[in-house]
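Coordinates as given in start_17.cif (mmCIF, C-alpha atoms):
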data_target
#
loop_
_atom_site.label_atom_id
_atom_site.label_comp_id
_atom_site.auth_asym_id
_atom_site.auth_seq_id
_atom_site.Cartn_x
_atom_site.Cartn_y
_atom_site.Cartn_z
CA MET F 181 55.89 45.59 29.37
CA LEU F 182 57.81 47.49 26.68
CA ASN F 183 56.76 45.04 24.05
CA ILE F 184 60.38 44.30 23.25
CA SER F 185 59.82 40.62 22.88
CA ASN F 186 57.90 39.01 20.12
CA GLN F 187 55.10 38.35 22.54
CA ARG F 188 52.63 41.19 22.66
CA VAL F 189 51.20 42.41 25.95
CA ASP F 190 47.79 40.97 26.44
CA GLU F 191 45.06 43.41 25.58
CA GLN F 192 43.27 42.68 28.79
CA LEU F 193 46.31 43.58 30.89
CA PHE F 194 46.75 46.71 28.82
CA ASN F 195 43.21 47.72 29.54
CA HIS F 196 43.41 46.64 33.22
CA TYR F 197 46.41 48.77 33.92
CA PRO F 198 45.65 52.16 32.45
CA LEU F 199 49.19 53.42 32.31
CA LYS F 200 49.41 56.84 30.64
CA THR F 201 52.84 56.12 29.24
CA LEU F 202 51.60 53.10 27.32
CA HIS F 203 48.66 55.02 26.00
CA THR F 204 50.85 57.85 24.69
CA LEU F 205 53.14 55.49 22.79
CA PRO F 206 52.37 55.23 18.98
CA GLN F 207 50.33 52.28 17.89
CA PRO F 208 52.35 49.74 15.89
CA ASP F 209 49.30 49.08 13.53
CA ALA F 210 49.77 52.42 11.65
CA GLY F 211 52.38 50.93 9.31
CA ARG F 212 50.15 48.03 8.49
CA ARG F 213 47.29 50.38 7.70
CA LEU F 214 49.57 52.39 5.41
CA GLY F 215 50.60 49.22 3.66
CA ARG F 216 47.01 48.20 3.22
CA TRP F 217 46.14 51.59 1.73
CA MET F 218 49.10 51.42 -0.62
CA LEU F 219 48.01 48.00 -1.79
CA ILE F 220 44.48 49.27 -2.30
CA ILE F 221 45.80 52.24 -4.27
CA LEU F 222 48.02 49.91 -6.30
CA PHE F 223 45.13 47.62 -7.17
CA LEU F 224 42.95 50.59 -8.03
CA SER F 225 45.69 52.01 -10.25
CA LEU F 226 46.06 48.68 -12.01
CA ALA F 227 42.31 48.53 -12.46
CA VAL F 228 42.25 52.07 -13.85
CA LEU F 229 44.89 51.13 -16.41
CA PHE F 230 42.42 48.71 -17.95
CA LEU F 231 39.58 51.23 -18.14
CA PRO F 232 38.59 52.35 -21.70
CA TRP F 233 40.12 55.57 -23.02
CA GLN F 234 38.85 57.19 -26.21
CA GLN F 235 41.74 58.21 -28.44
CA ASN F 236 41.56 61.63 -30.01
CA ILE F 237 43.39 64.07 -32.26
CA ASN F 238 43.59 67.59 -30.99
CA GLY F 239 43.84 70.78 -32.99
CA GLU F 240 43.40 74.50 -32.73
CA GLY F 241 41.41 76.79 -34.98
CA SER F 242 38.77 79.45 -35.08
CA VAL F 243 35.10 80.04 -35.73
CA THR F 244 34.17 80.48 -39.40
CA ALA F 245 31.20 79.84 -41.70
CA LEU F 246 30.44 76.61 -43.50
CA THR F 247 29.49 78.28 -46.81
CA PRO F 248 31.62 81.01 -48.48
CA GLN F 249 28.64 83.38 -48.76
CA ASP F 250 28.35 83.48 -44.93
CA ARG F 251 31.96 84.48 -44.34
CA PRO F 252 33.11 88.08 -43.92
CA GLN F 253 33.33 89.79 -47.29
CA THR F 254 34.57 93.05 -48.68
CA VAL F 255 32.20 95.31 -50.60
CA GLN F 256 33.70 96.82 -53.76
CA ASN F 257 32.50 99.60 -56.01
CA ALA F 258 32.08 98.58 -59.65
CA ILE F 259 33.18 101.94 -61.14
CA ALA F 260 35.66 104.62 -60.22
CA GLY F 261 34.25 107.72 -58.63
CA ARG F 262 34.37 110.37 -55.91
CA ILE F 263 32.77 109.84 -52.50
CA GLU F 264 29.78 112.13 -52.09
CA ARG F 265 28.20 110.85 -48.84
CA TRP F 266 28.12 107.85 -46.53
CA LYS F 267 24.83 106.29 -45.49
CA ILE F 268 26.12 103.89 -42.82
CA GLN F 269 28.44 103.73 -39.85
CA GLU F 270 30.62 100.96 -38.53
CA GLY F 271 28.77 98.27 -36.59
CA GLN F 272 25.44 99.16 -38.16
CA ALA F 273 23.08 96.41 -39.25
CA VAL F 274 22.06 96.63 -42.90
CA ARG F 275 19.66 94.71 -45.09
CA LYS F 276 20.19 93.54 -48.63
CA GLY F 277 19.91 96.50 -51.01
CA ASP F 278 20.49 99.20 -48.37
CA THR F 279 22.61 102.14 -49.49
CA LEU F 280 26.14 102.10 -48.13
CA LEU F 281 27.82 104.83 -50.14
CA VAL F 282 26.98 107.36 -52.86
CA ILE F 283 29.66 108.33 -55.39
CA SER F 284 29.79 110.75 -58.32
CA GLU F 285 31.27 110.49 -61.81
CA ILE F 286 34.91 111.32 -62.53
CA LYS F 287 35.18 110.30 -66.20
CA ASP F 288 34.64 113.14 -68.68
CA ASP F 289 32.80 110.83 -71.10
CA TYR F 290 29.87 110.74 -68.68
CA PHE F 291 29.85 114.33 -67.38
CA ASP F 292 26.92 115.44 -69.59
CA PRO F 293 23.78 115.31 -67.44
CA ASN F 294 21.66 114.89 -70.62
CA LEU F 295 23.80 112.06 -71.97
CA PRO F 296 20.92 109.54 -72.23
CA GLN F 297 18.85 112.07 -74.21
CA ARG F 298 21.79 112.77 -76.55
CA LEU F 299 22.31 109.08 -77.11
CA ASP F 300 18.60 108.59 -77.85
CA GLU F 301 18.79 111.37 -80.47
CA GLN F 302 21.80 109.74 -82.09
CA LEU F 303 19.98 106.43 -82.08
CA ASP F 304 16.89 107.95 -83.75
CA ALA F 305 19.05 109.59 -86.43
CA LYS F 306 20.90 106.40 -87.14
CA GLN F 307 17.64 104.43 -87.29
CA GLY F 308 16.28 106.99 -89.80
CA SER F 309 19.42 106.56 -91.89
CA LEU F 310 18.94 102.81 -91.70
CA THR F 311 15.34 103.16 -92.93
CA ALA F 312 16.45 105.36 -95.86
CA THR F 313 19.16 102.87 -96.73
CA GLY F 314 16.58 100.08 -96.74
CA ALA F 315 14.40 102.12 -99.13
CA LYS F 316 17.41 102.73 -101.38
CA ILE F 317 18.19 99.02 -101.43
CA SER F 318 14.56 98.29 -102.40
CA ALA F 319 14.75 100.88 -105.21
CA LEU F 320 18.00 99.42 -106.47
CA ASP F 321 16.45 95.96 -106.38
CA GLY F 322 13.60 97.28 -108.57
CA GLN F 323 16.04 99.00 -110.90
CA LEU F 324 18.09 95.81 -111.14
CA ALA F 325 14.97 93.79 -111.98
CA ALA F 326 13.97 96.37 -114.65
CA LEU F 327 17.44 96.30 -116.18
CA GLN F 328 17.41 92.53 -116.31
CA ALA F 329 13.96 92.55 -117.89
CA GLY F 330 15.02 95.25 -120.40
CA LEU F 331 18.15 93.28 -121.17
CA GLN F 332 16.07 90.22 -122.00
CA VAL F 333 13.79 92.25 -124.29
CA LYS F 334 16.66 94.01 -126.04
CA LEU F 335 18.55 90.79 -126.47
CA ALA F 336 15.47 89.09 -127.91
CA ALA F 337 14.97 91.97 -130.39
CA ALA F 338 18.65 91.98 -131.33
CA ARG F 339 18.64 88.21 -131.83
CA ASN F 340 15.56 88.54 -134.04
CA LYS F 341 17.35 91.19 -136.08
CA VAL F 342 20.35 88.92 -136.41
CA ARG F 343 18.14 86.11 -137.59
CA GLN F 344 16.42 88.43 -140.07
CA SER F 345 19.82 89.53 -141.36
CA GLN F 346 20.83 85.89 -141.67
CA PHE F 347 17.65 85.11 -143.62
CA LYS F 348 18.25 88.16 -145.84
CA VAL F 349 21.79 87.05 -146.55
CA ILE F 350 20.53 83.60 -147.46
CA SER F 351 17.85 85.13 -149.70
CA ASP F 352 20.31 87.49 -151.38
CA SER F 353 22.76 84.64 -151.81
CA THR F 354 20.04 82.58 -153.54
CA ASP F 355 19.08 85.54 -155.74
CA LEU F 356 22.73 86.04 -156.65
CA ILE F 357 23.03 82.42 -157.71
CA ALA F 358 19.88 82.79 -159.84
CA VAL F 359 21.11 86.02 -161.39
CA GLN F 360 24.48 84.44 -162.06
CA LYS F 361 22.72 81.50 -163.78
CA ASN F 362 20.71 83.92 -165.91
CA TYR F 363 23.86 85.80 -166.77
CA GLN F 364 25.58 82.56 -167.74
CA ILE F 365 22.62 81.56 -169.87
CA ALA F 366 22.69 85.02 -171.51
CA LEU F 367 26.39 84.55 -172.27
CA ASP F 368 25.71 81.14 -173.83
CA ARG F 369 22.91 82.57 -175.96
CA LEU F 370 25.07 85.49 -177.04
CA GLU F 371 27.74 83.07 -178.11
CA ARG F 372 25.23 81.14 -180.20
CA PHE F 373 23.86 84.36 -181.70
CA GLU F 374 27.43 85.43 -182.54
CA LYS F 375 27.96 82.18 -184.48
CA GLY F 376 24.52 82.48 -186.09
CA TYR F 377 25.21 86.08 -187.13
CA ARG F 378 28.49 85.03 -188.73
CA ASN F 379 26.65 82.27 -190.50
CA GLY F 380 23.89 84.67 -191.48
CA LEU F 381 21.25 83.03 -189.44
CA PHE F 382 20.51 86.06 -187.21
CA SER F 383 20.37 89.74 -187.94
CA LEU F 384 22.53 92.38 -186.36
CA THR F 385 19.51 93.64 -184.51
CA ASP F 386 18.98 90.28 -182.85
CA LEU F 387 22.68 90.13 -182.00
CA GLU F 388 22.65 93.59 -180.41
CA THR F 389 19.49 92.64 -178.49
CA ARG F 390 21.33 89.66 -177.05
CA ARG F 391 24.33 91.83 -176.20
CA LEU F 392 22.07 94.27 -174.35
CA LYS F 393 20.51 91.31 -172.52
CA VAL F 394 23.95 90.15 -171.39
CA GLN F 395 24.80 93.63 -170.18
CA GLU F 396 21.54 93.80 -168.25
CA ASP F 397 22.11 90.37 -166.69
CA ASN F 398 25.70 91.38 -165.77
CA ALA F 399 24.37 94.54 -164.16
CA LYS F 400 21.87 92.43 -162.23
CA VAL F 401 24.67 90.17 -161.03
CA ILE F 402 26.72 93.13 -159.85
CA ALA F 403 23.67 94.67 -158.20
CA GLN F 404 22.82 91.38 -156.50
CA GLU F 405 26.42 91.01 -155.28
CA ASN F 406 26.25 94.51 -153.85
CA LYS F 407 22.94 93.70 -152.23
CA LEU F 408 24.42 90.50 -150.75
CA ASN F 409 27.38 92.45 -149.40
CA VAL F 410 25.01 94.95 -147.84
CA SER F 411 23.04 92.10 -146.23
CA ARG F 412 26.22 90.59 -144.89
CA GLN F 413 27.25 93.95 -143.44
CA GLU F 414 23.81 94.27 -141.86
CA LEU F 415 24.25 90.81 -140.34
CA ILE F 416 27.64 91.83 -138.93
CA ASN F 417 26.16 95.07 -137.62
CA SER F 418 23.23 93.25 -135.99
CA ARG F 419 25.62 90.88 -134.29
CA LEU F 420 27.69 93.85 -133.11
CA ASP F 421 24.51 95.50 -131.86
CA LEU F 422 23.66 92.31 -129.94
CA ASN F 423 27.05 92.32 -128.21
CA THR F 424 26.84 96.08 -127.60
CA ILE F 425 23.39 95.76 -126.00
CA GLN F 426 24.61 92.93 -123.78
CA ALA F 427 27.75 94.86 -122.76
CA ASP F 428 25.81 98.08 -122.06
CA TYR F 429 23.23 96.34 -119.93
CA GLN F 430 25.89 94.32 -118.10
CA GLU F 431 27.64 97.57 -117.26
CA LYS F 432 24.40 99.11 -116.00
CA ILE F 433 23.53 95.98 -114.01
CA ALA F 434 27.05 95.83 -112.54
CA LYS F 435 26.82 99.50 -111.52
CA THR F 436 23.41 98.93 -109.95
CA MET F 437 24.68 95.88 -108.09
CA SER F 438 27.70 97.88 -106.93
CA ASP F 439 25.41 100.62 -105.63
CA ARG F 440 23.27 98.00 -103.94
CA SER F 441 26.32 96.37 -102.31
CA SER F 442 27.43 99.77 -101.04
CA ALA F 443 23.95 100.37 -99.62
CA VAL F 444 23.92 96.93 -98.00
CA SER F 445 27.38 97.60 -96.52
CA TYR F 446 26.21 100.96 -95.19
CA ARG F 447 23.10 99.28 -93.75
CA ALA F 448 25.29 96.73 -91.96
CA GLU F 449 27.47 99.54 -90.59
CA ALA F 450 24.37 101.43 -89.51
CA GLU F 451 23.01 98.34 -87.75
CA GLY F 452 26.38 97.89 -86.02
CA GLU F 453 26.40 101.53 -84.91
CA ILE F 454 22.80 101.19 -83.71
CA SER F 455 23.81 98.14 -81.67
CA LYS F 456 26.75 100.10 -80.22
CA LEU F 457 24.48 103.01 -79.35
CA GLN F 458 21.94 100.70 -77.73
CA ASN F 459 24.75 99.01 -75.81
CA LYS F 460 26.09 102.38 -74.73
CA ILE F 461 22.62 103.53 -73.64
CA SER F 462 22.20 100.38 -71.56
CA SER F 463 25.70 100.78 -70.14
CA VAL F 464 25.00 104.40 -69.21
CA ASP F 465 21.76 103.37 -67.46
CA VAL F 466 23.57 100.60 -65.57
CA ARG F 467 26.50 102.90 -64.76
CA ARG F 468 24.20 105.54 -63.32
CA GLY F 469 22.71 102.84 -61.10
CA LEU F 470 26.21 102.02 -59.85
CA TYR F 471 26.66 105.48 -58.35
CA VAL F 472 24.96 103.99 -55.29
CA VAL F 473 26.89 101.15 -53.60
CA ARG F 474 24.42 98.78 -51.94
CA ALA F 475 24.70 95.96 -49.44
CA PRO F 476 24.87 92.58 -51.23
CA GLN F 477 23.14 90.76 -48.34
CA ASP F 478 21.90 91.20 -44.78
CA GLY F 479 24.68 91.73 -42.26
CA PHE F 480 26.73 94.13 -40.19
CA VAL F 481 29.23 96.70 -41.41
CA VAL F 482 32.40 95.68 -39.61
CA ARG F 483 34.87 98.24 -40.92
CA SER F 484 34.94 100.99 -43.55
CA MET F 485 38.17 101.05 -45.53
CA LYS F 486 37.64 104.54 -46.97
CA ALA F 487 36.89 107.72 -45.13
CA GLY F 488 35.93 111.29 -45.80
CA ILE F 489 33.99 113.13 -48.49
CA GLY F 490 35.46 113.87 -51.91
CA GLU F 491 38.02 111.08 -51.77
CA MET F 492 38.66 109.28 -55.06
CA ILE F 493 38.19 105.52 -55.18
CA LYS F 494 39.33 103.25 -57.96
CA GLU F 495 37.29 100.72 -59.86
CA GLY F 496 36.89 97.47 -57.90
CA GLU F 497 38.42 98.94 -54.73
CA SER F 498 37.24 97.61 -51.35
CA ILE F 499 35.30 100.18 -49.36
CA ALA F 500 33.91 98.19 -46.41
CA THR F 501 33.86 94.79 -44.74
CA LEU F 502 30.48 93.12 -44.27
CA GLN F 503 29.71 90.27 -41.91
CA PRO F 504 26.57 88.30 -42.95
CA ALA F 505 23.78 88.45 -40.43
CA HIS F 506 22.97 84.78 -39.90
CA PRO F 507 25.95 82.67 -40.95
CA SER F 508 25.90 78.90 -40.81
CA VAL F 509 28.61 78.69 -38.15
CA ALA F 510 31.35 76.11 -38.50
CA ILE F 511 34.77 75.52 -36.99
CA GLU F 512 38.05 75.26 -38.88
CA LEU F 513 40.56 73.09 -37.02
CA TYR F 514 44.16 72.58 -38.07
CA VAL F 515 45.68 69.16 -37.43
CA ARG F 516 49.07 67.64 -38.13
CA PRO F 517 49.64 65.89 -41.47
CA MET F 518 50.40 62.58 -39.69
CA ASP F 519 46.90 62.60 -38.15
CA VAL F 520 44.93 63.36 -41.33
CA PRO F 521 44.76 59.73 -42.62
CA LEU F 522 42.99 58.72 -39.39
CA ILE F 523 40.16 61.25 -39.82
CA GLN F 524 37.08 60.72 -41.95
CA ARG F 525 33.99 62.76 -42.57
CA GLY F 526 31.35 62.21 -39.90
CA ARG F 527 33.84 61.79 -37.03
CA THR F 528 32.64 63.24 -33.74
CA VAL F 529 34.48 66.31 -32.47
CA ARG F 530 34.45 67.90 -29.01
CA LEU F 531 34.98 71.66 -28.98
CA GLN F 532 36.04 74.17 -26.38
CA PHE F 533 35.39 77.82 -27.28
CA ASP F 534 37.38 80.77 -26.03
CA GLY F 535 35.42 82.63 -23.38
CA TRP F 536 33.38 79.58 -22.24
CA PRO F 537 34.75 77.87 -19.11
CA ALA F 538 35.16 74.14 -19.56
CA ILE F 539 36.63 71.09 -17.86
CA GLN F 540 37.72 68.67 -20.55
CA PHE F 541 38.64 65.02 -20.19
CA SER F 542 39.65 64.24 -23.76
CA GLY F 543 39.49 60.46 -23.25
CA TRP F 544 36.21 60.58 -21.33
CA PRO F 545 34.03 63.09 -23.20
CA SER F 546 30.96 61.99 -21.22
CA VAL F 547 32.30 63.56 -18.03
CA ALA F 548 33.54 66.75 -19.68
CA VAL F 549 31.84 70.00 -18.73
CA GLY F 550 31.49 73.11 -20.92
CA THR F 551 32.37 71.46 -24.23
CA PHE F 552 30.19 71.20 -27.33
CA GLY F 553 29.68 68.55 -29.96
CA GLY F 554 30.54 68.72 -33.64
CA GLU F 555 31.04 66.58 -36.74
CA VAL F 556 33.80 66.64 -39.37
CA ALA F 557 32.23 67.98 -42.58
CA VAL F 558 35.22 68.81 -44.81
CA ILE F 559 38.84 67.65 -44.96
CA ASP F 560 41.07 69.77 -47.16
CA ALA F 561 42.86 67.88 -49.93
CA VAL F 562 45.98 70.08 -49.62
CA ASN F 563 47.73 71.55 -46.63
CA SER F 564 47.50 75.17 -45.56
CA VAL F 565 50.20 77.80 -45.30
CA ASN F 566 51.19 76.64 -41.82
CA GLY F 567 51.84 73.10 -43.08
CA LYS F 568 48.80 71.65 -41.33
CA TYR F 569 45.54 70.39 -42.79
CA ARG F 570 42.26 72.18 -42.23
CA LEU F 571 39.09 70.48 -41.04
CA LEU F 572 35.67 72.10 -41.22
CA VAL F 573 33.43 71.03 -38.34
CA LYS F 574 29.68 71.60 -38.36
CA PRO F 575 27.39 71.48 -35.30
CA LYS F 576 26.16 68.12 -34.06
CA VAL F 577 24.10 68.07 -30.88
CA GLN F 578 24.48 64.71 -29.16
CA LYS F 579 22.63 63.32 -26.17
CA GLY F 580 23.21 65.56 -23.18
CA ASP F 581 24.86 68.31 -25.26
CA GLN F 582 23.78 71.88 -25.53
CA PRO F 583 23.55 73.72 -28.88
CA TRP F 584 26.42 75.97 -29.82
CA PRO F 585 26.26 79.39 -28.15
CA GLN F 586 24.50 82.10 -30.09
CA GLN F 587 27.18 84.57 -29.00
CA LEU F 588 29.90 82.94 -31.10
CA ARG F 589 31.75 85.41 -33.29
CA VAL F 590 33.53 84.60 -36.50
CA GLY F 591 37.25 84.49 -35.76
CA SER F 592 36.98 83.38 -32.13
CA GLY F 593 39.52 80.79 -30.98
CA VAL F 594 38.58 77.12 -30.63
CA TYR F 595 40.35 74.06 -29.27
CA GLY F 596 39.00 70.77 -30.50
CA TRP F 597 39.41 67.00 -30.21
CA VAL F 598 38.50 64.60 -33.02
CA MET F 599 37.30 61.47 -31.25
CA LEU F 600 38.56 58.08 -32.43
CA ASP F 601 38.25 54.50 -31.11
CA ASP F 602 38.40 53.28 -27.48
CA VAL F 603 41.63 51.70 -26.12
CA PRO F 604 42.82 50.80 -22.59
CA ILE F 605 44.48 53.55 -20.61
CA TRP F 606 47.73 51.56 -20.35
CA TYR F 607 47.88 51.39 -24.17
CA GLU F 608 47.29 55.13 -24.46
CA LEU F 609 50.06 55.87 -21.94
CA TRP F 610 52.40 53.52 -23.77
CA ARG F 611 51.52 55.21 -27.11
CA GLN F 612 52.08 58.69 -25.72
CA LEU F 613 55.42 57.72 -24.19
CA ASN F 614 56.62 56.29 -27.52
CA GLY F 615 55.19 59.10 -29.64
CA PHE F 616 53.08 56.73 -31.78
CA PRO F 617 49.99 58.00 -33.65
CA PRO F 618 46.51 56.84 -32.59
CA SER F 619 45.41 53.46 -33.91
CA LEU F 620 42.17 52.36 -35.53
CA LYS F 621 40.42 49.01 -35.39
CA GLU F 622 39.99 48.90 -39.17
CA GLU F 623 41.31 50.70 -42.21
CA PRO F 624 39.44 53.94 -42.94
CA LYS F 625 37.07 53.60 -45.92
CA GLU F 626 37.87 55.69 -48.95
CA GLU F 627 35.41 58.54 -49.35
CA SER F 628 33.28 58.41 -52.47
CA LYS F 629 33.89 61.27 -54.87
CA LYS F 630 30.79 63.27 -55.57
#
Represent the supplied structure as structure tokens.
Amino acid sequence: MLNISNQRVDEQLFNHYPLKTLHTLPQPDAGRRLGRWMLIILFLSLAVLFLPWQQNINGEGSVTALTPQDRPQTVQNAIAGRIERWKIQEGQAVRKGDTLLVISEIKDDYFDPNLPQRLDEQLDAKQGSLTATGAKISALDGQLAALQAGLQVKLAAARNKVRQSQFKVISDSTDLIAVQKNYQIALDRLERFEKGYRNGLFSLTDLETRRLKVQEDNAKVIAQENKLNVSRQELINSRLDLNTIQADYQEKIAKTMSDRSSAVSYRAEAEGEISKLQNKISSVDVRRGLYVVRAPQDGFVVRSMKAGIGEMIKEGESIATLQPAHPSVAIELYVRPMDVPLIQRGRTVRLQFDGWPAIQFSGWPSVAVGTFGGEVAVIDAVNSVNGKYRLLVKPKVQKGDQPWPQQLRVGSGVYGWVMLDDVPIWYELWRQLNGFPPSLKEEPKEESKK
């Protein structure tokens, strides 16, 4: 009755005698049911251990822009000045070229309101001086050509005179030789007449006639020698005149060339000063255009770094922060150095943004809710300040995914998982317990350098 023995009370007797005490006793099959459930749970757990689990590398980061031009930038003024008026307020949307700030000049070199007109007058004066210098150079070129032509004429005349003097010397030398021959003949005849007179062959009158003839021939010789000496002196003088003409004209030509070189040098200086004035005029025009600081691109004024009216700002000083209007949003994730070799460009990434509720199963991304898809676009070649490596992730809408939210702000926090290969759950648990890195089926391919 009490079921103390190994023999159970027959079910029919138990039903035939509806004793309340027996019915209130606990059923002995409860333990067997518990055992069956535990076995079922054990088998299910063992089966779950062999289910596929997608390995991943997690990292934290923030929202940024894929291209540098889409990231927040500071707007600087190109010149120093004094703030005159602001044209914007913080949070305002601006378009490219809109006026942000108007400044005034603080350098005394640019205080003159008529500075462009003054510079134009200086430029006109210098250009007039350059024109006059060009005319002077042309005149000196003509003078130099005339001097060279005159030198050629004078030299030709002087050379002709030298040749004439040479011919005259030759002629006088020939005449002297002839006169000397006549004088010698006269001396020989006188000697014969002297002998004839002593022998009585000639009269005294004939002898005196011959003596007079000798004196005349001697006088002719002396006269011809004097004439030859004069011709030789004329030849020397003509040669001296030739050298003097050449020296005088060389001096004049050298002086003219010196004047021309000075004029050319002054023209070069004038051209240099004209270039400086033109450069200064252009710089003044550009500088006056820089009194207005404009937006470099469409965006929103996030923060002004200067305030007030009349405040001085330095050259190249930041005056405001501008967020581009339509940035190409990307995510920068920071991962550990030991995980970087396992990541390649094009790897799928699952992202969870701050402010968007999500339920994430990192190993089963298909059942995750509230996460978004991405793709690794850039892997930094060097680590960052925090010792980790930065990844840039661009959007990648997969099947069943939604596009990234339009409300994302640059700088918002992000938690991400770089998805790797599938492994059994038991292997993943064993890896996590031993602190091993994720494993890949094959060696990552080296990225081609572009």
**Item:** Residue members of the PyMOL selection byres ((chain F and resi 601) around 7) in the file shown, as a PyMOL selection string
**Value:** chain F and resi 234-235+600+602-603+620
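You can rank F:Ala548, F:Ala260, F:Pro583, F:Ile539 by their closest distance to F:Gly496 using only C-alpha atoms, and at the top of that list sits F:Ala260.
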**Request:** Step by step: start from the point (43.3, 63.5, -40.3) in the file's coordinates, keep every protein, DNA or RNA residue that has an atom no farther than 9 Å from it, count only C-alpha atoms, and write the set as an MDAnalysis selection string.
**Result:** chainID F and resid 237 515:524 559 569:571 598
**Message:** Under the PyMOL selection byres ((chain F and resi 470-487) around 8), which residues of this model are included? Write them out as a ChimeraX atom specification.
**Reply:** /F:255,257-259,261,268-285,466-469,488-489,491,498-506
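In this structure, atom CA of F:Ser418 sits 23.5 Å away from atom CA of F:Ala326.
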**Request:** Please evaluate the PyMOL selection byres ((chain F and resi 529) around 9) against the structure above and give the resulting residues as a VMD selection string.
**Result:** chain F and resid 236 527 to 528 530 to 531 552 to 556 573 576 596 to 599
Set the distance at 12 Å and use all atoms listed in the file: which residues neighbour F:Tyr377 once local chain neighbours fewer than 5 positions away are removed? I'd like the list as a CSV table (one decimal) with C-alpha atoms, keeping the file's coordinate frame.
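After the write, selection.csv holds the following:
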chain,number,residue,atom,x,y,z
F,369,ARG,CA,22.9,82.6,-176.0
F,370,LEU,CA,25.1,85.5,-177.0
F,371,GLU,CA,27.7,83.1,-178.1
F,372,ARG,CA,25.2,81.1,-180.2
F,382,PHE,CA,20.5,86.1,-187.2
F,383,SER,CA,20.4,89.7,-187.9
F,384,LEU,CA,22.5,92.4,-186.4
F,385,THR,CA,19.5,93.6,-184.5
F,386,ASP,CA,19.0,90.3,-182.8
F,387,LEU,CA,22.7,90.1,-182.0
F,388,GLU,CA,22.6,93.6,-180.4
F,390,ARG,CA,21.3,89.7,-177.0
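For the pair atom CA of F:Glu451 and atom CA of F:Lys306, the interatomic distance is 8.4 Å.
Checking F:Leu219, F:Ala337, F:Ala434, F:Ile286 one by one against F:Ile493, counting all atoms listed in the file, you find the shortest gap at F:Ile286.
With distances restricted to all atoms listed in the file, F:Pro575 is the closest residue to F:Leu246 from F:Pro575, F:Pro293, F:Pro617, F:Gly543.
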**Prompt:** Which value, in Å to one decimal, gives the distance between atom CA of F:Tyr607 and atom CA of F:Leu214?
**Reply:**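 Atom-to-atom, atom CA of F:Tyr607 and atom CA of F:Leu214 are spaced 29.6 Å apart.
Each of F:Ile454, F:Leu408, F:Val243, F:Val333 was checked against F:Tyr429 using only C-alpha atoms; the smallest atom-to-atom distance is that of F:Val333.
Minimum distance to F:Lys334 across F:Ser442, F:Gly615, F:Thr424, F:Ile350 (counting only C-alpha atoms) occurs at F:Thr424.
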**Message:** I'd like to know which of F:Asn238, F:Trp536, F:Met437, F:Gln346 is closest to F:Ile317, using all atoms listed in the file.
**Reply:**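 Closest to F:Ile317 of all the choices is F:Met437.
Close contacts of F:Leu226, defined as residues with an atom at most 12 Å away when counting all atoms listed in the file, with chain neighbours fewer than 5 positions off set aside, comprise F:Leu219, F:Ile220, F:Ile221, F:Leu231, F:Pro604, F:Ile605, F:Trp606.
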Would you mind completing stretch 482-492 of chain F to N, CA and C atoms and writing the output as a compact mmCIF listing (two decimals), in the frame of the given file?
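This went into out-v8.txt:
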# COMPACT_ATOMS: atom_id res chain seq x y z
N VAL F 482 31.35 95.88 -40.61
CA VAL F 482 32.40 95.68 -39.61
C VAL F 482 33.39 96.85 -39.64
N ARG F 483 33.84 97.20 -40.83
CA ARG F 483 34.87 98.24 -40.92
C ARG F 483 34.76 98.91 -42.28
N SER F 484 34.87 100.25 -42.29
CA SER F 484 34.94 100.99 -43.55
C SER F 484 36.41 101.24 -43.88
N MET F 485 36.77 100.94 -45.11
CA MET F 485 38.17 101.05 -45.53
C MET F 485 38.47 102.38 -46.20
N LYS F 486 37.45 103.20 -46.44
CA LYS F 486 37.64 104.54 -46.97
C LYS F 486 36.96 105.52 -46.04
N ALA F 487 37.45 106.72 -46.04
CA ALA F 487 36.89 107.72 -45.13
C ALA F 487 36.83 109.06 -45.84
N GLY F 488 35.98 109.93 -45.30
CA GLY F 488 35.93 111.29 -45.80
C GLY F 488 34.98 111.46 -46.96
N ILE F 489 34.83 112.73 -47.36
CA ILE F 489 33.99 113.13 -48.49
C ILE F 489 34.90 113.73 -49.55
N GLY F 490 34.65 113.35 -50.81
CA GLY F 490 35.46 113.87 -51.91
C GLY F 490 36.67 113.02 -52.23
N GLU F 491 36.87 111.95 -51.50
CA GLU F 491 38.02 111.08 -51.77
C GLU F 491 37.74 110.25 -53.00
N MET F 492 38.78 110.08 -53.84
CA MET F 492 38.66 109.28 -55.06
C MET F 492 38.85 107.80 -54.73
